[in-house]
Amino acid sequence: MSVTVRVPAKVNVQLGVGAARPDGFHPLATVFLAVSLFDEVTATPAGEPTVTCEGPDADQVPLDRTNLAARAAEALAARAGIEPAVHLHIAKNIPVAGGMAGGSADGAAALLACDTLWGLDTPRTELLAMCAELGSDVPFSLLGGAALGTGRGELLTPVDAGSFHWVFAVADGGLSTPAVFREFDRLTAGTTVPEPEPSPELLAALASGDPDRLAPALSNGLQAASLSLRPALADTFEAGIGAGALAALVSGSGPTTAFLVRDAEGAAKVAAALEASGTCRTTRTASGPVPGATVLPA
């Protein structure tokens, strides 16, 4: 017997960032949108915990106990008082280290897959709490849809959202999220960083389903830091906007860039122009919101 869970990537349509707290984390007011780029994690009984991975950038995915999927399985097994005797296979389609929560998605998927495989029936609230212990983005990967994240992003409130079309430009190499936050701290040193607040304009635009209304409301407080570390992203922005995208922003901590478009036809046009521009490694088109981690039929 095995259990397969499909889990989506995310884009932050708002990412408000405050000054670092004493624990080193930054307070956030972020609005997540789950989009139709998916990883699949399959849990199968095994003699000992192992991880394998296939797909684009699979060679960049750690296969030891540092993998978030492996950590999720071990945490769930410890809670249940059983051995983490499971093989986890990750079919990877979400860009690695791209600001789209691919690792977090795999952690959430592994948690749900193992819970189902082992017949634990862990309450949803407890699974979400375990997700928060694994990482700030992991709870949203389990929840999906659209949600406001506060605290360090792990405290979630679902929000209304219409459907939107996106193009994602995948850069060469990744960006370390801690490095981007350190650059944010450097760039804002000596200034007063306001407490982040959710944008009423953005939430209203998201609920409206109108991409022309959403475009001017998009924001990312980490964008300046990501561009400082990867200046070439500005060329990617220019290519996508020049091809007709309504708006562009760095996805999370980057370096994947997200382009909002009106429809699937516009997405195809912008993706083709970005590929031809030579300013990114590849592109992906997607729409959202979509459901979070979901057990697939056997």
# chains A, B, ... in the order shown; residues from 1 in each chain; ligands from 1
>>> residues_around(residues="region 186-195 of chain A", least_positions_apart="6", cutoff="10 Å", atoms="only C-alpha atoms", output="compact mmCIF listing (two decimals) with N, CA and C atoms, in the first residue's frame")
# COMPACT_ATOMS: atom_id res chain seq x y z
N GLY A 16 4.20 41.85 3.44
CA GLY A 16 4.62 42.95 4.30
C GLY A 16 5.57 42.42 5.35
N VAL A 17 6.71 43.08 5.53
CA VAL A 17 7.77 42.59 6.41
C VAL A 17 8.11 43.66 7.43
N GLY A 18 8.14 43.26 8.71
CA GLY A 18 8.54 44.18 9.77
C GLY A 18 9.98 43.97 10.17
N ALA A 19 10.44 44.76 11.13
CA ALA A 19 11.80 44.64 11.64
C ALA A 19 11.95 43.32 12.41
N ALA A 20 13.17 42.81 12.45
CA ALA A 20 13.43 41.52 13.10
C ALA A 20 13.03 41.56 14.57
N HIS A 26 11.07 37.77 11.47
CA HIS A 26 10.45 39.05 11.11
C HIS A 26 8.94 38.89 11.14
N PRO A 27 8.21 39.82 11.76
CA PRO A 27 6.75 39.76 11.68
C PRO A 27 6.29 40.01 10.25
N LEU A 28 5.29 39.26 9.83
CA LEU A 28 4.81 39.34 8.45
C LEU A 28 3.31 39.63 8.42
N ALA A 29 2.89 40.29 7.37
CA ALA A 29 1.48 40.33 6.97
C ALA A 29 1.50 39.95 5.51
N VAL A 180 18.19 36.56 2.02
CA VAL A 180 17.35 37.67 1.58
C VAL A 180 16.89 38.49 2.78
N ALA A 224 13.14 44.46 -2.86
CA ALA A 224 14.36 45.26 -2.98
C ALA A 224 15.58 44.44 -2.57
N ALA A 225 15.42 43.63 -1.52
CA ALA A 225 16.54 42.79 -1.07
C ALA A 225 16.87 41.72 -2.11
N SER A 228 18.62 43.34 -4.95
CA SER A 228 19.98 43.73 -4.56
C SER A 228 20.93 42.54 -4.69
>>> select_by_dssp(residues="region 137-228 of chain A", states="helix (DSSP H, G or I)", output="NGL selection string")
:A and (138-143 or 177-188 or 200-208 or 211-217 or 223-228)
>>> write_last_selection(atoms="N, CA, C and O atoms", output="compact mmCIF listing (two decimals), in the first residue's frame")
# COMPACT_ATOMS: atom_id res chain seq x y z
N VAL A 138 4.81 26.13 5.81
CA VAL A 138 4.26 24.78 5.72
C VAL A 138 2.76 24.74 6.00
O VAL A 138 2.01 24.04 5.31
N PRO A 139 2.25 25.49 7.00
CA PRO A 139 0.80 25.43 7.22
C PRO A 139 -0.02 25.82 6.00
O PRO A 139 -1.03 25.18 5.70
N PHE A 140 0.43 26.85 5.26
CA PHE A 140 -0.36 27.24 4.09
C PHE A 140 -0.33 26.15 3.02
O PHE A 140 -1.32 25.98 2.30
N SER A 141 0.77 25.43 2.90
CA SER A 141 0.82 24.35 1.91
C SER A 141 -0.24 23.29 2.21
O SER A 141 -0.80 22.69 1.30
N LEU A 142 -0.53 23.08 3.49
CA LEU A 142 -1.59 22.14 3.86
C LEU A 142 -2.96 22.75 3.60
O LEU A 142 -3.86 22.08 3.09
N LEU A 143 -3.11 24.04 3.91
CA LEU A 143 -4.42 24.69 3.79
C LEU A 143 -4.80 24.99 2.34
O LEU A 143 -5.91 24.68 1.90
N THR A 177 16.53 32.04 1.52
CA THR A 177 15.60 32.91 2.22
C THR A 177 16.26 33.66 3.39
O THR A 177 16.08 34.87 3.53
N PRO A 178 17.06 32.97 4.24
CA PRO A 178 17.74 33.72 5.30
C PRO A 178 18.65 34.82 4.75
O PRO A 178 18.74 35.90 5.35
N ALA A 179 19.31 34.56 3.62
CA ALA A 179 20.19 35.58 3.03
C ALA A 179 19.38 36.79 2.57
O ALA A 179 19.83 37.94 2.72
N VAL A 180 18.19 36.56 2.02
CA VAL A 180 17.35 37.67 1.58
C VAL A 180 16.89 38.49 2.78
O VAL A 180 16.89 39.73 2.74
N PHE A 181 16.51 37.83 3.87
CA PHE A 181 16.12 38.57 5.07
C PHE A 181 17.31 39.35 5.65
O PHE A 181 17.14 40.48 6.12
N ARG A 182 18.50 38.78 5.61
CA ARG A 182 19.67 39.52 6.07
C ARG A 182 19.90 40.76 5.22
O ARG A 182 20.26 41.83 5.74
N GLU A 183 19.69 40.64 3.91
CA GLU A 183 19.85 41.79 3.02
C GLU A 183 18.75 42.82 3.30
O GLU A 183 19.02 44.04 3.26
N PHE A 184 17.55 42.37 3.60
CA PHE A 184 16.47 43.29 4.01
C PHE A 184 16.91 44.07 5.25
O PHE A 184 16.74 45.30 5.31
N ASP A 185 17.49 43.37 6.24
CA ASP A 185 17.95 44.04 7.46
C ASP A 185 19.04 45.06 7.13
O ASP A 185 19.06 46.16 7.70
N ARG A 186 19.94 44.71 6.22
CA ARG A 186 21.02 45.63 5.85
C ARG A 186 20.46 46.88 5.16
O ARG A 186 20.85 48.00 5.47
N LEU A 187 19.52 46.66 4.25
CA LEU A 187 18.96 47.79 3.49
C LEU A 187 18.12 48.71 4.35
O LEU A 187 17.99 49.90 4.05
N THR A 188 17.53 48.17 5.42
CA THR A 188 16.64 48.98 6.25
C THR A 188 17.31 49.44 7.55
O THR A 188 16.66 50.08 8.39
N PRO A 200 -6.08 46.49 2.72
CA PRO A 200 -7.50 46.36 2.38
C PRO A 200 -7.74 46.40 0.88
O PRO A 200 -8.61 45.70 0.36
N GLU A 201 -6.96 47.24 0.17
CA GLU A 201 -7.11 47.34 -1.28
C GLU A 201 -6.79 46.01 -1.96
O GLU A 201 -7.49 45.57 -2.87
N LEU A 202 -5.71 45.37 -1.49
CA LEU A 202 -5.34 44.09 -2.08
C LEU A 202 -6.40 43.02 -1.80
O LEU A 202 -6.78 42.26 -2.69
N LEU A 203 -6.87 42.94 -0.57
CA LEU A 203 -7.87 41.92 -0.21
C LEU A 203 -9.15 42.12 -1.02
O LEU A 203 -9.76 41.14 -1.47
N ALA A 204 -9.55 43.37 -1.22
CA ALA A 204 -10.75 43.64 -2.01
C ALA A 204 -10.53 43.27 -3.47
O ALA A 204 -11.41 42.68 -4.12
N ALA A 205 -9.34 43.58 -4.00
CA ALA A 205 -9.03 43.25 -5.39
C ALA A 205 -8.97 41.74 -5.59
O ALA A 205 -9.44 41.20 -6.60
N LEU A 206 -8.41 41.05 -4.61
CA LEU A 206 -8.31 39.59 -4.70
C LEU A 206 -9.70 38.96 -4.73
O LEU A 206 -9.98 38.06 -5.54
N ALA A 207 -10.58 39.44 -3.88
CA ALA A 207 -11.94 38.91 -3.82
C ALA A 207 -12.71 39.21 -5.10
O ALA A 207 -13.59 38.45 -5.51
N SER A 208 -12.38 40.33 -5.76
CA SER A 208 -13.13 40.74 -6.95
C SER A 208 -12.87 39.84 -8.15
O SER A 208 -13.69 39.76 -9.07
N PRO A 211 -8.18 41.02 -12.55
CA PRO A 211 -6.73 41.16 -12.58
C PRO A 211 -6.26 42.60 -12.76
O PRO A 211 -5.20 42.98 -12.25
N ASP A 212 -7.05 43.43 -13.47
CA ASP A 212 -6.67 44.83 -13.63
C ASP A 212 -6.72 45.58 -12.30
O ASP A 212 -5.97 46.54 -12.09
N ARG A 213 -7.58 45.14 -11.42
CA ARG A 213 -7.68 45.75 -10.09
C ARG A 213 -6.59 45.21 -9.16
O ARG A 213 -6.06 45.94 -8.32
N LEU A 214 -6.25 43.92 -9.32
CA LEU A 214 -5.25 43.32 -8.45
C LEU A 214 -3.84 43.82 -8.78
O LEU A 214 -3.01 44.00 -7.87
N ALA A 215 -3.57 44.06 -10.06
CA ALA A 215 -2.21 44.37 -10.50
C ALA A 215 -1.55 45.50 -9.70
O ALA A 215 -0.43 45.32 -9.19
N PRO A 216 -2.20 46.67 -9.54
CA PRO A 216 -1.51 47.76 -8.81
C PRO A 216 -1.43 47.53 -7.31
O PRO A 216 -0.72 48.26 -6.62
N ALA A 217 -2.15 46.53 -6.80
CA ALA A 217 -2.17 46.29 -5.35
C ALA A 217 -1.10 45.29 -4.91
O ALA A 217 -0.85 45.13 -3.71
N GLN A 223 11.29 42.47 -2.00
CA GLN A 223 11.69 42.58 -3.41
C GLN A 223 12.99 43.37 -3.57
O GLN A 223 13.87 42.97 -4.35
N ALA A 224 13.14 44.46 -2.86
CA ALA A 224 14.36 45.26 -2.98
C ALA A 224 15.58 44.44 -2.57
O ALA A 224 16.64 44.52 -3.20
N ALA A 225 15.42 43.63 -1.52
CA ALA A 225 16.54 42.79 -1.07
C ALA A 225 16.87 41.72 -2.11
O ALA A 225 18.04 41.45 -2.40
N SER A 226 15.85 41.11 -2.69
CA SER A 226 16.08 40.09 -3.72
C SER A 226 16.76 40.69 -4.94
O SER A 226 17.70 40.10 -5.50
N LEU A 227 16.31 41.87 -5.35
CA LEU A 227 16.93 42.54 -6.50
C LEU A 227 18.35 42.98 -6.19
O LEU A 227 19.22 42.98 -7.08
N SER A 228 18.62 43.34 -4.95
CA SER A 228 19.98 43.73 -4.56
C SER A 228 20.93 42.54 -4.69
O SER A 228 22.06 42.69 -5.15
>>> closest_residue(among="A:Val170, A:Ala243, A:Val250, A:Ala46", to="Met1 (chain A)", atoms="only C-alpha atoms")
A:Ala46
>>> atom_distance(atom1="CA of Phe38 (chain A)", atom2="CA of Thr52 (chain A)")
16.7 Å
>>> residues_around(residues="region 105-112 of chain A", least_positions_apart="3", cutoff="8 Å", atoms="only C-alpha atoms", output="PyMOL selection string")
chain A and resi 5-9+39-43+68-73+76+88+90+101-102+115-116+127+131+134+138-139+141-142+293-295
>>> residues_around(residues="Ser277 (chain A)", least_positions_apart="6", cutoff="10 Å", atoms="only C-alpha atoms", output="list in words")
Asp235, Thr236, Glu238, Ala239, Gly240 and Ala271 of chain A
>>> closest_residue(among="A:Leu249, A:Val290, A:Val13, A:Val270", to="Ser36 (chain A)", atoms="only C-alpha atoms")
A:Val290
>>> residues_around(residues="Thr283 (chain A)", least_positions_apart="3", cutoff="12 Å", atoms="only C-alpha atoms", output="ChimeraX atom specification")
/A:37,93-95,166-172,236,240,256-259,267-280,286
>>> write_last_selection(atoms="N, CA and C atoms", output="CSV table (one decimal), in the first residue's frame")
chain,number,residue,atom,x,y,z
A,37,LEU,N,0.9,24.7,-9.8
A,37,LEU,CA,2.1,24.0,-9.9
A,37,LEU,C,2.2,23.1,-8.8
A,93,ASN,N,8.0,19.3,-9.2
A,93,ASN,CA,7.6,20.2,-10.3
A,93,ASN,C,7.7,21.7,-9.8
A,94,ILE,N,7.6,21.9,-8.5
A,94,ILE,CA,7.8,23.3,-8.0
A,94,ILE,C,9.3,23.7,-8.0
A,95,PRO,N,9.6,24.9,-8.5
A,95,PRO,CA,11.0,25.3,-8.6
A,95,PRO,C,11.7,25.2,-7.2
A,166,TRP,N,-1.3,33.4,-14.0
A,166,TRP,CA,0.1,33.8,-13.7
A,166,TRP,C,1.1,33.1,-14.7
A,167,VAL,N,2.2,33.8,-14.9
A,167,VAL,CA,3.4,33.2,-15.5
A,167,VAL,C,4.5,33.4,-14.5
A,168,PHE,N,5.3,32.3,-14.3
A,168,PHE,CA,6.4,32.3,-13.4
A,168,PHE,C,7.7,32.1,-14.1
A,169,ALA,N,8.6,33.0,-14.0
A,169,ALA,CA,9.9,32.9,-14.7
A,169,ALA,C,10.9,32.4,-13.7
A,170,VAL,N,11.5,31.2,-14.0
A,170,VAL,CA,12.4,30.5,-13.1
A,170,VAL,C,13.8,30.9,-13.4
A,171,ALA,N,14.5,31.5,-12.4
A,171,ALA,CA,15.9,32.0,-12.6
A,171,ALA,C,16.9,30.8,-12.5
A,172,ASP,N,18.1,31.1,-13.0
A,172,ASP,CA,19.2,30.2,-12.8
A,172,ASP,C,19.6,30.2,-11.4
A,236,THR,N,14.4,40.5,-16.2
A,236,THR,CA,13.3,39.6,-16.4
A,236,THR,C,12.0,40.4,-16.2
A,240,GLY,N,8.9,40.7,-19.2
A,240,GLY,CA,7.6,40.2,-18.9
A,240,GLY,C,6.6,41.4,-19.1
A,256,THR,N,12.4,33.3,-8.3
A,256,THR,CA,11.4,33.2,-9.2
A,256,THR,C,10.6,34.5,-9.3
A,257,THR,N,10.3,35.0,-10.5
A,257,THR,CA,9.4,36.2,-10.6
A,257,THR,C,8.1,35.8,-11.1
A,258,ALA,N,7.1,36.5,-10.6
A,258,ALA,CA,5.7,36.2,-10.9
A,258,ALA,C,5.1,37.3,-11.7
A,259,PHE,N,4.4,37.0,-12.8
A,259,PHE,CA,3.7,37.9,-13.7
A,259,PHE,C,2.2,37.7,-13.7
A,267,ALA,N,-1.1,34.5,-20.8
A,267,ALA,CA,-0.1,33.8,-20.1
A,267,ALA,C,0.9,33.1,-21.2
A,268,ALA,N,0.3,32.5,-22.2
A,268,ALA,CA,1.1,31.8,-23.2
A,268,ALA,C,2.0,32.9,-23.9
A,269,LYS,N,1.5,34.0,-24.2
A,269,LYS,CA,2.2,35.1,-24.9
A,269,LYS,C,3.4,35.6,-24.0
A,270,VAL,N,3.1,35.9,-22.8
A,270,VAL,CA,4.2,36.4,-21.9
A,270,VAL,C,5.2,35.3,-21.6
A,271,ALA,N,4.8,34.0,-21.5
A,271,ALA,CA,5.8,33.0,-21.2
A,271,ALA,C,6.7,32.8,-22.4
A,272,ALA,N,6.1,32.9,-23.7
A,272,ALA,CA,7.0,32.7,-24.9
A,272,ALA,C,8.0,33.9,-25.0
A,273,ALA,N,7.5,35.1,-24.6
A,273,ALA,CA,8.4,36.2,-24.7
A,273,ALA,C,9.5,36.1,-23.7
A,274,LEU,N,9.2,35.7,-22.5
A,274,LEU,CA,10.2,35.5,-21.5
A,274,LEU,C,11.2,34.5,-21.8
A,275,GLU,N,10.8,33.3,-22.4
A,275,GLU,CA,11.7,32.3,-22.8
A,275,GLU,C,12.6,32.8,-23.9
A,276,ALA,N,12.1,33.6,-24.8
A,276,ALA,CA,12.9,34.1,-25.9
A,276,ALA,C,13.9,35.2,-25.5
A,277,SER,N,13.6,35.9,-24.3
A,277,SER,CA,14.4,37.0,-23.9
A,277,SER,C,15.7,36.6,-23.3
A,278,GLY,N,15.8,35.3,-22.9
A,278,GLY,CA,17.1,34.8,-22.3
A,278,GLY,C,17.3,35.3,-20.9
A,279,THR,N,16.3,35.9,-20.3
A,279,THR,CA,16.4,36.5,-19.0
A,279,THR,C,16.1,35.5,-17.9
A,280,CYS,N,15.6,34.3,-18.2
A,280,CYS,CA,15.3,33.3,-17.2
A,280,CYS,C,15.6,31.9,-17.8
A,286,ALA,N,0.4,29.1,-14.6
A,286,ALA,CA,-0.5,28.5,-13.6
A,286,ALA,C,-1.6,29.4,-13.3
>>> closest_residue(among="A:Val35, A:Met100, A:Ala245, A:Gly153", to="Thr285 (chain A)", atoms="only C-alpha atoms")
A:Val35
>>> closest_residue(among="A:Pro45, A:Gly209, A:Gly99, A:Gly173", to="Leu222 (chain A)", atoms="only C-alpha atoms")
A:Gly99
>>> atom_distance(atom1="CA of Arg281 (chain A)", atom2="CA of Leu175 (chain A)")
14.4 Å
>>> select_by_dssp(residues="region 173-276 of chain A", states="strand (DSSP E or B)", output="list in words")
Ser219, Asn220, Ala247, Ala248, Leu249, Val250, Thr257, Ala258, Phe259, Leu260 and Val261 of chain A
>>> atom_distance(atom1="CA of Gln14 (chain A)", atom2="CA of Arg124 (chain A)")
26.0 Å
>>> decode(residues="region 74-167 of chain A", atoms="C-alpha atoms", output="mmCIF file, in the first residue's frame")
data_model
loop_
_atom_site.group_PDB
_atom_site.id
_atom_site.type_symbol
_atom_site.label_atom_id
_atom_site.label_comp_id
_atom_site.auth_asym_id
_atom_site.auth_seq_id
_atom_site.Cartn_x
_atom_site.Cartn_y
_atom_site.Cartn_z
ATOM 1 C CA GLU A 74 9.874 11.749 11.807
ATOM 2 C CA ALA A 75 7.909 14.359 13.759
ATOM 3 C CA LEU A 76 4.597 12.609 13.105
ATOM 4 C CA ALA A 77 6.030 9.199 14.021
ATOM 5 C CA ALA A 78 7.468 10.582 17.266
ATOM 6 C CA ARG A 79 4.103 12.075 18.156
ATOM 7 C CA ALA A 80 2.408 8.722 17.539
ATOM 8 C CA GLY A 81 5.108 6.691 19.315
ATOM 9 C CA ILE A 82 5.957 4.622 16.233
ATOM 10 C CA GLU A 83 8.997 4.169 14.015
ATOM 11 C CA PRO A 84 9.195 6.399 10.902
ATOM 12 C CA ALA A 85 9.444 3.291 8.713
ATOM 13 C CA VAL A 86 8.507 4.929 5.430
ATOM 14 C CA HIS A 87 9.926 5.620 1.994
ATOM 15 C CA LEU A 88 9.034 9.065 0.645
ATOM 16 C CA HIS A 89 9.227 9.676 -3.091
ATOM 17 C CA ILE A 90 8.958 13.282 -4.263
ATOM 18 C CA ALA A 91 7.834 14.009 -7.821
ATOM 19 C CA LYS A 92 9.191 17.556 -8.014
ATOM 20 C CA ASN A 93 7.644 20.205 -10.258
ATOM 21 C CA ILE A 94 7.767 23.297 -8.007
ATOM 22 C CA PRO A 95 11.014 25.267 -8.560
ATOM 23 C CA VAL A 96 13.682 24.553 -5.931
ATOM 24 C CA ALA A 97 14.793 27.521 -3.757
ATOM 25 C CA GLY A 98 12.593 29.719 -5.935
ATOM 26 C CA GLY A 99 10.400 31.502 -3.396
ATOM 27 C CA MET A 100 7.377 29.288 -4.135
ATOM 28 C CA ALA A 101 7.523 27.118 -0.977
ATOM 29 C CA GLY A 102 8.497 23.892 -2.746
ATOM 30 C CA GLY A 103 10.255 22.450 0.291
ATOM 31 C CA SER A 104 7.444 23.538 2.577
ATOM 32 C CA ALA A 105 4.930 21.943 0.211
ATOM 33 C CA ASP A 106 6.787 18.626 0.423
ATOM 34 C CA GLY A 107 6.787 18.821 4.217
ATOM 35 C CA ALA A 108 3.030 19.339 4.331
ATOM 36 C CA ALA A 109 2.448 16.599 1.768
ATOM 37 C CA ALA A 110 4.613 14.112 3.666
ATOM 38 C CA LEU A 111 2.791 14.889 6.907
ATOM 39 C CA LEU A 112 -0.619 14.208 5.321
ATOM 40 C CA ALA A 113 0.619 11.156 3.379
ATOM 41 C CA CYS A 114 2.143 9.517 6.454
ATOM 42 C CA ASP A 115 -0.870 10.365 8.619
ATOM 43 C CA THR A 116 -3.075 8.623 6.051
ATOM 44 C CA LEU A 117 -0.690 5.687 5.521
ATOM 45 C CA TRP A 118 -0.404 5.026 9.248
ATOM 46 C CA GLY A 119 -4.139 5.502 9.884
ATOM 47 C CA LEU A 120 -3.527 8.093 12.604
ATOM 48 C CA ASP A 121 -6.458 10.429 11.792
ATOM 49 C CA THR A 122 -4.639 13.335 13.429
ATOM 50 C CA PRO A 123 -7.016 16.299 13.872
ATOM 51 C CA ARG A 124 -6.533 19.024 11.289
ATOM 52 C CA THR A 125 -5.692 21.601 13.945
ATOM 53 C CA GLU A 126 -2.865 19.396 15.237
ATOM 54 C CA LEU A 127 -1.519 18.820 11.729
ATOM 55 C CA LEU A 128 -1.461 22.589 11.188
ATOM 56 C CA ALA A 129 0.376 23.066 14.487
ATOM 57 C CA MET A 130 2.956 20.458 13.446
ATOM 58 C CA CYS A 131 3.306 22.238 10.103
ATOM 59 C CA ALA A 132 4.075 25.498 11.927
ATOM 60 C CA GLU A 133 6.845 23.774 13.871
ATOM 61 C CA LEU A 134 8.389 22.588 10.592
ATOM 62 C CA GLY A 135 8.439 26.031 8.941
ATOM 63 C CA SER A 136 6.597 29.290 8.415
ATOM 64 C CA ASP A 137 5.185 28.404 4.963
ATOM 65 C CA VAL A 138 4.262 24.777 5.725
ATOM 66 C CA PRO A 139 0.799 25.435 7.225
ATOM 67 C CA PHE A 140 -0.356 27.240 4.089
ATOM 68 C CA SER A 141 0.815 24.351 1.914
ATOM 69 C CA LEU A 142 -1.586 22.137 3.864
ATOM 70 C CA LEU A 143 -4.418 24.695 3.794
ATOM 71 C CA GLY A 144 -4.164 26.005 0.199
ATOM 72 C CA GLY A 145 -6.656 28.386 -1.397
ATOM 73 C CA ALA A 146 -5.979 31.976 -0.367
ATOM 74 C CA ALA A 147 -5.107 33.109 3.127
ATOM 75 C CA LEU A 148 -3.722 35.952 5.192
ATOM 76 C CA GLY A 149 -0.634 34.898 7.138
ATOM 77 C CA THR A 150 0.479 36.790 10.253
ATOM 78 C CA GLY A 151 3.075 36.154 12.953
ATOM 79 C CA ARG A 152 5.950 34.770 10.906
ATOM 80 C CA GLY A 153 3.397 33.698 8.281
ATOM 81 C CA GLU A 154 2.158 30.583 10.068
ATOM 82 C CA LEU A 155 -1.032 32.065 11.597
ATOM 83 C CA LEU A 156 -3.565 31.722 8.812
ATOM 84 C CA THR A 157 -6.972 33.252 8.100
ATOM 85 C CA PRO A 158 -8.645 32.144 4.833
ATOM 86 C CA VAL A 159 -9.669 35.006 2.525
ATOM 87 C CA ASP A 160 -11.893 35.248 -0.541
ATOM 88 C CA ALA A 161 -10.233 35.161 -3.948
ATOM 89 C CA GLY A 162 -11.346 35.018 -7.554
ATOM 90 C CA SER A 163 -9.307 33.052 -10.092
ATOM 91 C CA PHE A 164 -6.158 34.601 -11.561
ATOM 92 C CA HIS A 165 -3.643 33.585 -14.240
ATOM 93 C CA TRP A 166 0.112 33.773 -13.725
ATOM 94 C CA VAL A 167 3.417 33.233 -15.478
#
